[in-house]
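Asker: My structure is in structure-v3.txt, and what it holds is compact mmCIF, C-alpha atoms:
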# COMPACT_ATOMS: atom_id res chain seq x y z
CA LEU A 1 3.24 87.02 66.26
CA ILE A 2 0.96 84.95 64.03
CA LEU A 3 3.34 82.00 64.26
CA THR A 4 3.52 82.28 68.05
CA ALA A 5 -0.26 82.53 68.35
CA PHE A 6 -0.90 79.44 66.26
CA ILE A 7 1.70 77.46 68.21
CA LEU A 8 -0.02 78.45 71.46
CA LEU A 9 -3.43 77.57 70.07
CA ASP A 10 -2.13 74.17 69.04
CA LEU A 11 -0.85 73.71 72.59
CA VAL A 12 -4.34 74.41 73.94
CA HIS A 13 -5.80 71.83 71.57
CA GLN A 14 -3.26 69.20 72.64
CA THR A 15 -3.80 69.96 76.32
CA THR A 16 -7.57 69.75 76.14
CA SER A 17 -7.49 66.68 73.89
CA HIS A 18 -4.88 64.77 75.93
CA PRO A 19 -5.07 66.04 79.52
CA SER A 20 -3.13 63.10 80.90
CA GLY A 21 0.05 64.40 79.28
CA ASN A 22 1.49 60.91 78.77
CA GLN A 23 0.64 60.36 75.12
CA GLU A 24 3.75 62.02 73.73
CA GLN A 25 4.91 60.28 70.57
CA SER A 26 7.01 60.98 67.52
CA PHE A 27 4.35 60.76 64.86
CA ALA A 28 6.71 61.62 62.03
CA THR A 29 8.60 58.34 62.25
CA GLY A 30 6.46 56.04 64.33
CA LEU A 31 8.85 55.80 67.26
CA PRO A 32 7.22 56.30 70.66
CA ARG A 33 9.49 58.22 73.03
CA THR A 34 9.37 55.17 75.29
CA GLN A 35 9.93 52.20 73.02
CA ALA A 36 7.28 49.50 72.96
CA ALA A 37 8.36 45.98 73.80
CA LYS A 38 9.67 44.17 70.72
CA ARG A 39 8.34 40.84 69.56
CA ASP A 40 10.78 37.99 69.20
CA THR A 41 12.32 38.64 65.77
CA THR A 42 12.92 34.98 65.01
CA ASP A 43 9.30 33.95 65.54
CA ASN A 44 8.04 37.06 63.77
CA VAL A 45 9.82 36.49 60.45
CA LYS A 46 7.20 35.25 58.01
CA PRO A 47 7.12 34.48 54.29
CA LEU A 48 5.88 37.45 52.26
CA GLY A 49 2.32 36.17 51.87
CA ALA A 50 1.94 35.48 55.59
CA ALA A 51 3.46 38.85 56.50
CA MET A 52 0.91 40.62 54.29
CA ALA A 53 -1.95 38.64 55.81
CA HIS A 54 -0.66 39.41 59.31
CA ALA A 55 -0.51 43.14 58.56
CA MET A 56 -3.99 43.09 57.04
CA GLU A 57 -5.36 41.26 60.07
CA ASP A 58 -3.94 43.90 62.41
CA ALA A 59 -5.23 46.68 60.20
CA ASP A 60 -8.73 45.20 60.37
CA ARG A 61 -8.61 45.51 64.16
CA GLY A 62 -7.64 49.16 64.12
CA PHE A 63 -6.53 51.61 61.47
CA LEU A 64 -8.06 51.77 57.97
CA PRO A 65 -10.26 48.65 58.20
CA SER A 66 -11.16 48.83 54.50
CA ASP A 67 -7.63 49.59 53.33
CA PRO A 68 -4.81 47.44 54.76
CA PRO A 69 -1.18 48.53 54.41
CA PRO A 70 -0.14 48.43 50.71
CA MET A 71 2.41 45.65 51.26
CA THR A 72 2.47 44.61 47.60
CA TRP A 73 3.37 48.16 46.63
CA VAL A 74 6.09 48.23 49.32
CA VAL A 75 7.71 45.12 47.83
CA LYS A 76 7.52 46.59 44.31
CA ALA A 77 8.96 49.93 45.47
CA LEU A 78 11.90 48.19 47.12
CA GLY A 79 12.43 45.94 44.10
CA SER A 80 12.45 48.91 41.71
CA ARG A 81 15.46 50.24 43.62
CA GLY A 82 17.32 46.96 43.66
CA LEU A 83 16.20 45.39 46.93
CA GLN A 84 14.59 42.00 46.26
CA VAL A 85 12.49 41.14 49.31
CA GLU A 86 12.10 37.60 50.55
CA HIS A 87 10.38 38.40 53.85
CA LEU A 88 8.50 41.52 54.94
CA ARG A 89 7.63 42.03 58.60
CA ALA A 90 5.15 44.64 59.87
CA HIS A 91 5.83 45.83 63.44
CA THR A 92 2.20 46.59 64.21
CA GLU A 93 2.91 46.72 67.95
CA GLU A 94 5.03 49.83 67.31
CA ALA A 95 2.65 51.53 64.87
CA VAL A 96 1.55 55.06 65.71
CA SER A 97 -1.98 56.02 64.64
CA ILE A 98 -3.28 59.55 65.04
CA SER A 99 -6.70 60.44 63.71
CA ARG A 100 -6.68 59.63 60.00
CA ALA A 101 -2.98 58.76 59.62
CA GLN A 102 -0.55 56.02 60.63
CA VAL A 103 3.17 55.36 60.74
CA LEU A 104 4.02 51.65 60.51
CA PRO A 105 7.58 50.31 61.04
CA LEU A 106 8.60 47.48 58.69
CA THR A 107 11.57 45.15 58.30
CA ALA A 108 12.45 43.78 54.86
CA SER A 109 14.76 40.77 54.53
CA SER A 110 16.51 40.03 51.27
CA ALA A 111 17.72 36.64 50.08
CA GLY A 112 20.60 36.97 52.53
CA GLY A 113 18.27 36.36 55.47
CA SER A 114 18.43 38.17 58.80
CA ALA A 115 21.96 39.39 58.10
CA ALA A 116 20.58 41.50 55.24
CA GLU A 117 17.65 43.32 56.87
CA THR A 118 16.44 46.82 56.02
CA SER A 119 14.49 48.82 58.60
CA LEU A 120 11.76 50.93 57.05
CA VAL A 121 8.81 53.10 58.00
CA LEU A 122 5.58 53.41 56.04
CA LYS A 123 3.83 56.73 56.58
CA ARG A 124 0.31 56.91 55.19
CA VAL A 125 -2.98 58.76 55.44
CA ASP A 126 -6.57 57.89 54.57
CA LEU A 127 -8.12 60.79 52.64
CA ARG A 128 -11.61 59.28 52.60
CA VAL A 129 -12.46 59.53 56.28
CA GLU A 130 -15.05 62.01 57.46
CA SER A 131 -12.90 63.60 60.17
CA PHE A 132 -11.51 66.28 57.85
CA LYS A 133 -12.88 69.71 58.72
CA SER A 134 -13.45 70.65 55.08
CA GLU A 135 -12.47 69.79 51.51
CA SER A 136 -9.69 72.36 51.73
CA HIS A 137 -8.37 70.52 54.80
CA ARG A 138 -8.43 67.24 52.87
CA ASP A 139 -6.70 68.81 49.83
CA ARG A 140 -4.09 70.42 52.08
CA THR A 141 -3.28 67.04 53.63
CA ARG A 142 -3.04 65.36 50.23
CA LYS A 143 -0.63 68.00 48.95
CA SER A 144 1.47 67.86 52.12
CA TYR A 145 2.26 64.18 51.48
CA ALA A 146 3.14 64.89 47.85
CA VAL A 147 5.39 67.75 48.96
CA GLU A 148 7.21 65.57 51.48
CA ALA A 149 7.79 62.83 48.92
CA GLN A 150 9.12 65.37 46.41
CA VAL A 151 11.61 66.81 48.90
CA TYR A 152 12.95 63.37 49.85
CA ALA A 153 13.17 62.29 46.21
CA SER A 154 14.95 65.44 45.04
CA LEU A 155 17.75 65.85 47.57
CA SER A 156 21.15 64.64 46.43
CA ASP A 157 23.42 62.21 48.25
CA ARG A 158 25.90 65.03 48.83
CA PHE A 159 23.22 67.06 50.56
CA ARG A 160 22.34 64.11 52.79
CA GLU A 161 25.93 64.08 54.09
CA LEU A 162 25.67 67.75 55.12
CA ALA A 163 22.17 67.52 56.57
CA PRO A 164 21.14 63.87 57.14
CA ILE A 165 17.61 62.75 56.27
CA PRO A 166 16.11 59.25 55.92
CA GLY A 167 16.54 57.45 52.61
CA PHE A 168 13.53 57.58 50.29
CA TRP A 169 12.07 54.46 48.62
CA GLY A 170 8.83 55.61 47.07
CA PHE A 171 5.50 57.45 47.11
CA ASP A 172 2.10 55.98 46.29
CA GLU A 173 -1.31 57.60 45.92
CA ARG A 174 -4.31 55.44 45.15
CA ASN A 175 -7.77 54.48 46.38
CA GLY A 176 -8.06 57.64 48.43
CA SER A 177 -4.85 57.24 50.42
CA CYS A 178 -1.22 58.40 50.25
CA ALA A 179 1.86 56.46 51.40
CA ILE A 180 5.55 57.32 51.75
CA LEU A 181 8.20 54.62 52.25
CA LEU A 182 11.40 55.67 54.03
CA ASP A 183 14.40 54.25 55.83
CA ARG A 184 13.75 54.11 59.55
CA VAL A 185 15.88 56.18 61.91
CA SER A 186 17.13 53.57 64.36
CA HIS A 187 16.25 53.96 68.02
CA LYS A 188 19.44 52.05 68.77
CA THR A 189 21.65 54.83 67.43
CA HIS A 190 19.41 57.91 67.74
CA ARG A 191 17.20 59.52 70.36
CA GLN A 192 14.56 62.23 70.52
CA TYR A 193 14.02 64.84 73.21
CA PRO A 194 10.85 66.82 73.96
CA GLU A 195 13.05 69.82 74.82
CA LEU A 196 16.52 70.65 73.54
CA GLY A 197 19.48 71.67 75.66
CA ARG A 198 22.41 73.67 74.38
CA GLY A 199 24.32 70.90 72.58
CA HIS A 200 21.29 69.47 70.82
CA ALA A 201 19.99 72.93 69.90
CA HIS A 202 23.35 73.79 68.32
CA SER A 203 23.28 70.55 66.36
CA ALA A 204 19.74 71.22 65.15
CA LEU A 205 20.64 74.74 64.05
CA SER A 206 23.75 73.45 62.28
CA TRP A 207 21.57 71.03 60.31
CA LEU A 208 19.19 73.86 59.48
CA ALA A 209 22.01 76.13 58.33
CA HIS A 210 23.23 73.50 55.85
CA PHE A 211 19.67 72.91 54.66
CA HIS A 212 18.97 76.60 54.07
CA ALA A 213 22.36 77.23 52.47
CA GLN A 214 21.69 74.54 49.87
CA PHE A 215 18.75 76.53 48.48
CA LEU A 216 19.58 80.11 49.45
CA GLY A 217 18.85 82.45 46.57
CA HIS A 218 17.82 79.68 44.18
CA GLU A 219 14.64 79.72 42.16
CA GLN A 220 11.95 77.18 42.89
CA GLY A 221 12.98 75.11 39.89
CA HIS A 222 16.29 74.27 41.63
CA LEU A 223 14.42 71.57 43.54
CA CYS A 224 11.17 71.01 41.67
CA THR A 225 8.30 72.97 40.17
CA SER A 226 6.34 75.44 42.25
CA ALA A 227 3.24 73.25 41.95
CA GLU A 228 5.01 70.50 43.91
CA LEU A 229 5.97 72.65 46.91
CA TRP A 230 4.17 75.19 49.04
CA ASP A 231 4.45 78.73 47.71
CA VAL A 232 4.98 79.78 51.33
CA GLY A 233 6.62 77.20 53.59
CA GLY A 234 5.47 76.51 57.13
CA TYR A 235 2.78 74.56 58.92
CA TRP A 236 1.19 77.71 60.36
CA SER A 237 1.38 80.10 57.39
CA LEU A 238 -1.89 81.99 57.13
CA ASP A 239 -2.62 80.90 53.57
CA LYS A 240 -2.96 77.31 54.88
CA ARG A 241 -5.01 78.27 57.97
CA LYS A 242 -7.80 80.46 56.61
CA ASP A 243 -10.36 78.08 58.12
CA THR A 244 -9.00 78.60 61.67
CA SER A 245 -7.56 82.14 61.58
CA ARG A 246 -10.98 83.70 62.26
CA ASP A 247 -11.04 81.95 65.65
CA ILE A 248 -7.79 83.48 66.95
CA GLN A 249 -9.48 85.77 69.47
CA GLU A 250 -11.77 83.06 70.83
CA ASN A 251 -8.94 80.54 71.13
CA CYS A 252 -6.71 83.02 72.95
CA VAL A 253 -9.43 83.29 75.59
CA LYS A 254 -9.38 79.48 75.89
CA LEU A 255 -5.59 79.58 76.12
CA GLN A 256 -5.76 82.06 78.97
CA ALA A 257 -8.22 79.85 80.85
CA ALA A 258 -6.18 76.67 80.31
CA PHE A 259 -2.92 78.23 81.56
CA ALA A 260 -4.25 80.83 83.98
CA HIS A 261 -1.54 79.93 86.50
CA GLU A 262 1.27 80.83 84.08
CA GLU A 263 2.94 84.20 84.42
CA GLY A 264 1.91 86.71 81.76
CA MET A 265 -1.22 84.91 80.59
CA SER A 266 -3.45 87.80 81.68
CA ALA A 267 -2.43 89.61 78.50
CA CYS A 268 -3.50 86.74 76.26
CA LYS A 269 -7.00 88.08 75.65
CA GLU A 270 -5.69 91.41 74.40
CA LEU A 271 -3.12 89.59 72.26
CA GLY A 272 -5.93 87.63 70.61
CA VAL A 273 -7.84 90.80 69.77
CA ASN A 274 -4.77 92.40 68.21
CA LEU A 275 -3.76 89.32 66.24
CA GLN A 276 -7.27 88.87 64.90
CA GLU A 277 -7.21 92.43 63.56
CA MET A 278 -3.66 92.33 62.19
CA ALA A 279 -3.35 88.78 60.83
CA GLU A 280 -4.09 89.60 57.19
CA SER A 281 -1.87 92.69 57.03
CA LEU A 282 1.04 90.91 58.73
CA HIS A 283 0.68 88.00 56.30
CA GLU A 284 0.76 90.38 53.32
CA LYS A 285 3.88 92.11 54.64
CA ALA A 286 5.63 88.77 55.14
CA ALA A 287 4.68 87.69 51.61
CA LYS A 288 6.25 90.83 50.12
CA ASN A 289 9.59 89.86 51.67
CA GLN A 290 9.71 86.45 49.97
CA GLY A 291 11.75 87.77 47.05
CA GLU A 292 14.60 89.15 49.16
CA ALA A 293 18.09 87.70 49.44
CA GLY A 294 17.26 85.55 52.47
CA ARG A 295 14.71 83.51 50.57
CA THR A 296 15.33 79.77 50.72
CA LEU A 297 13.58 76.44 51.14
CA LEU A 298 12.01 76.05 54.58
CA HIS A 299 11.59 72.80 56.45
CA GLY A 300 8.27 74.17 57.60
CA ASP A 301 7.79 72.22 60.85
CA PHE A 302 11.23 72.38 62.43
CA LYS A 303 10.70 71.27 66.03
CA ALA A 304 12.10 68.73 68.47
CA GLY A 305 9.50 66.12 67.53
CA ASN A 306 10.91 65.98 63.99
CA ILE A 307 14.60 65.76 64.93
CA PHE A 308 16.61 62.67 65.89
CA PHE A 309 20.03 63.00 67.52
CA ALA A 310 22.88 60.51 67.38
CA SER A 311 23.48 58.87 70.73
CA SER A 312 27.20 59.56 70.35
CA ASP A 313 28.87 62.74 71.59
CA SER A 314 28.50 64.32 68.15
CA PHE A 315 24.74 64.90 68.65
CA GLU A 316 24.46 64.75 64.85
CA ALA A 317 20.90 65.58 63.82
CA THR A 318 18.74 63.65 61.36
CA VAL A 319 15.54 65.47 60.40
CA VAL A 320 12.21 64.08 59.16
CA ASP A 321 8.73 65.28 58.15
CA PHE A 322 8.88 67.66 55.18
CA GLN A 323 5.12 67.92 54.64
CA TRP A 324 5.15 71.70 54.99
CA SER A 325 8.32 72.54 53.05
CA GLY A 326 8.13 75.57 50.82
CA TRP A 327 9.75 78.90 50.12
CA GLY A 328 10.32 81.70 52.62
CA THR A 329 12.75 83.46 54.91
CA GLY A 330 15.06 81.09 56.78
CA ALA A 331 14.46 82.89 60.07
CA SER A 332 10.94 81.39 60.10
CA ASP A 333 12.36 77.91 60.77
CA VAL A 334 14.72 79.30 63.42
CA VAL A 335 11.96 81.12 65.31
CA TYR A 336 9.75 78.03 65.13
CA LEU A 337 12.46 75.92 66.80
CA LEU A 338 13.09 78.55 69.48
CA ALA A 339 9.39 78.91 70.25
CA THR A 340 8.56 75.21 70.45
CA SER A 341 11.60 73.22 71.50
CA LEU A 342 14.22 74.89 73.68
CA TYR A 343 14.85 73.96 77.28
CA ALA A 344 15.45 76.97 79.52
CA ALA A 345 17.78 75.89 82.34
CA PRO A 346 16.85 77.09 85.85
CA SER A 347 20.12 79.02 86.02
CA CYS A 348 19.27 81.06 82.95
CA HIS A 349 16.54 83.58 82.23
CA CYS A 350 13.87 82.46 79.81
CA ILE A 351 14.54 83.64 76.27
CA ALA A 352 11.00 84.95 75.93
CA ARG A 353 11.47 87.22 78.95
CA SER A 354 15.03 88.43 78.64
CA GLY A 355 16.48 87.52 75.23
CA HIS A 356 19.52 86.08 77.06
CA CYS A 357 21.34 82.79 76.54
CA PHE A 358 19.90 79.32 76.83
CA GLY A 359 21.51 76.31 78.48
CA ASP A 360 24.21 77.12 81.03
Now that the file is in, can you turn its structure into structure tokens?
Answerer:
Amino acid sequence: LILTAFILLDLVHQTTSHPSGNQEQSFATGLPRTQAAKRDTTDNVKPLGAAMAHAMEDADRGFLPSDPPPMTWVVKALGSRGLQVEHLRAHTEEAVSISRAQVLPLTASSAGGSAAETSLVLKRVDLRVESFKSESHRDRTRKSYAVEAQVYASLSDRFRELAPIPGFWGFDERNGSCAILLDRVSHKTHRQYPELGRGHAHSALSWLAHFHAQFLGHEQGHLCTSAELWDVGGYWSLDKRKDTSRDIQENCVKLQAAFAHEEGMSACKELGVNLQEMAESLHEKAAKNQGEAGRTLLHGDFKAGNIFFASSDSFEATVVDFQWSGWGTGASDVVYLLATSLYAAPSCHCIARSGHCFGD
């Protein structure tokens, strides 16, 4: 119930913040759902120094004016893993900036020229800006980037074959900002969907099953120390949302007003009252179950916006964004996907109303 309430409250925030409904983007990887026009790649290949200057110039016009993309660090991170960069191109026209964070696609060319290009994405956040609600909010964001980097860095090549994720190149924290450098999931071979039909949902759940099985029953040290992951996985776990949990009742009233035309919303006010009263006790009960046999590593934000599907008939899923990974019951990730991402076909009853099938 707490998970569902927070998801609904987030929906209210998105609706009131972006009423036009056309700003849907995949923040995790920097790929808009409708791809931006590409610049001519031949004209846009610049020597390293010029590419850095170009990226800094664009940064000065928009995101992080006092802190341009750490291009020197990017080159060093690639070089430390055997990729010697001759040219580095920043695709600023495809960058996605949301509040205090940005995802910037890059292309690195080695001595082999255009035939030896590596597509990358630089995900970074400025921790110095004043838009954080509190110091705890700032600290939570800082840790989330460190958690994501640790998960990428720790997973074996064998695991990547079972549950594909982008390749990891490095993590950097300095001057009040954090940056993660990853392989880019190609829009030429993969697609995203705001809602998942039957085939894509099955593929997503198959990925999740392999992910959970890898860590099922293992102690935290199997991946890394407890200090490097969340004690309780999940974006909406109450221990991470103390600063907003006291507003549950008020926000449920706003939710009811924003979606008054939707069936069943008349009960939202009462739901808010009950959740406000029961949030702490439900959280404590959930925490007591963490030591049971179903305990595993959670993705923590397992929704359509963080899943790419192969354009081929296989629908193979590649998953990104591990900022909220931590320990818990695997069903939490499953419920999160069901609540946020499934498409209910007109010929089938809605899961929330009937518990029946989805798709056809």
Asker: Please, what distance in Å, to one decimal, runs between CA of Gln276 in chain A and CA of Ile248 in chain A?
Answerer: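 Between CA of Gln276 in chain A and CA of Ile248 in chain A the gap is 5.8 Å.
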Asker: Can you work out the spacing between CA of Val319 in chain A and CA of Asn306 in chain A in Å, to one decimal?
Answerer: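 Between CA of Val319 in chain A and CA of Asn306 in chain A the gap works out to 5.9 Å.
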Asker: Out of A:Phe259, A:Tyr235, A:Phe302, A:Trp207, which residue has the shortest atom-to-atom distance to Thr318 in chain A when counting only C-alpha atoms?
Answerer: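 Of A:Phe259, A:Tyr235, A:Phe302, A:Trp207, the one nearest Thr318 in chain A, counting only C-alpha atoms, is A:Trp207.
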Asker: Kindly compute an axis-aligned box around the listed atoms of range 198-207 of chain A, allowing 4 Å on each side, and express its centre and edge lengths in Å to one decimal as lines of an AutoDock Vina configuration file.
Answerer:
center_x = 22.0
center_y = 72.1
center_z = 67.3
size_x = 12.6
size_y = 13.3
size_z = 22.1
Asker: Find the spatial neighbours of Tyr343 in chain A, counting only C-alpha atoms, within a cut-off of 7 Å - ignore same-chain residues fewer than 5 positions away - and output them as a list in words.
Answerer: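 Surrounding residues, per the criterion: Glu195, Leu196 and Gly197 of chain A.
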Asker: May I ask which of the residues A:Ala95, A:Val334, A:Ala204, A:Val103 is the closest one to Ile307 in chain A, counting all atoms listed in the file?
Answerer: A:Ala204
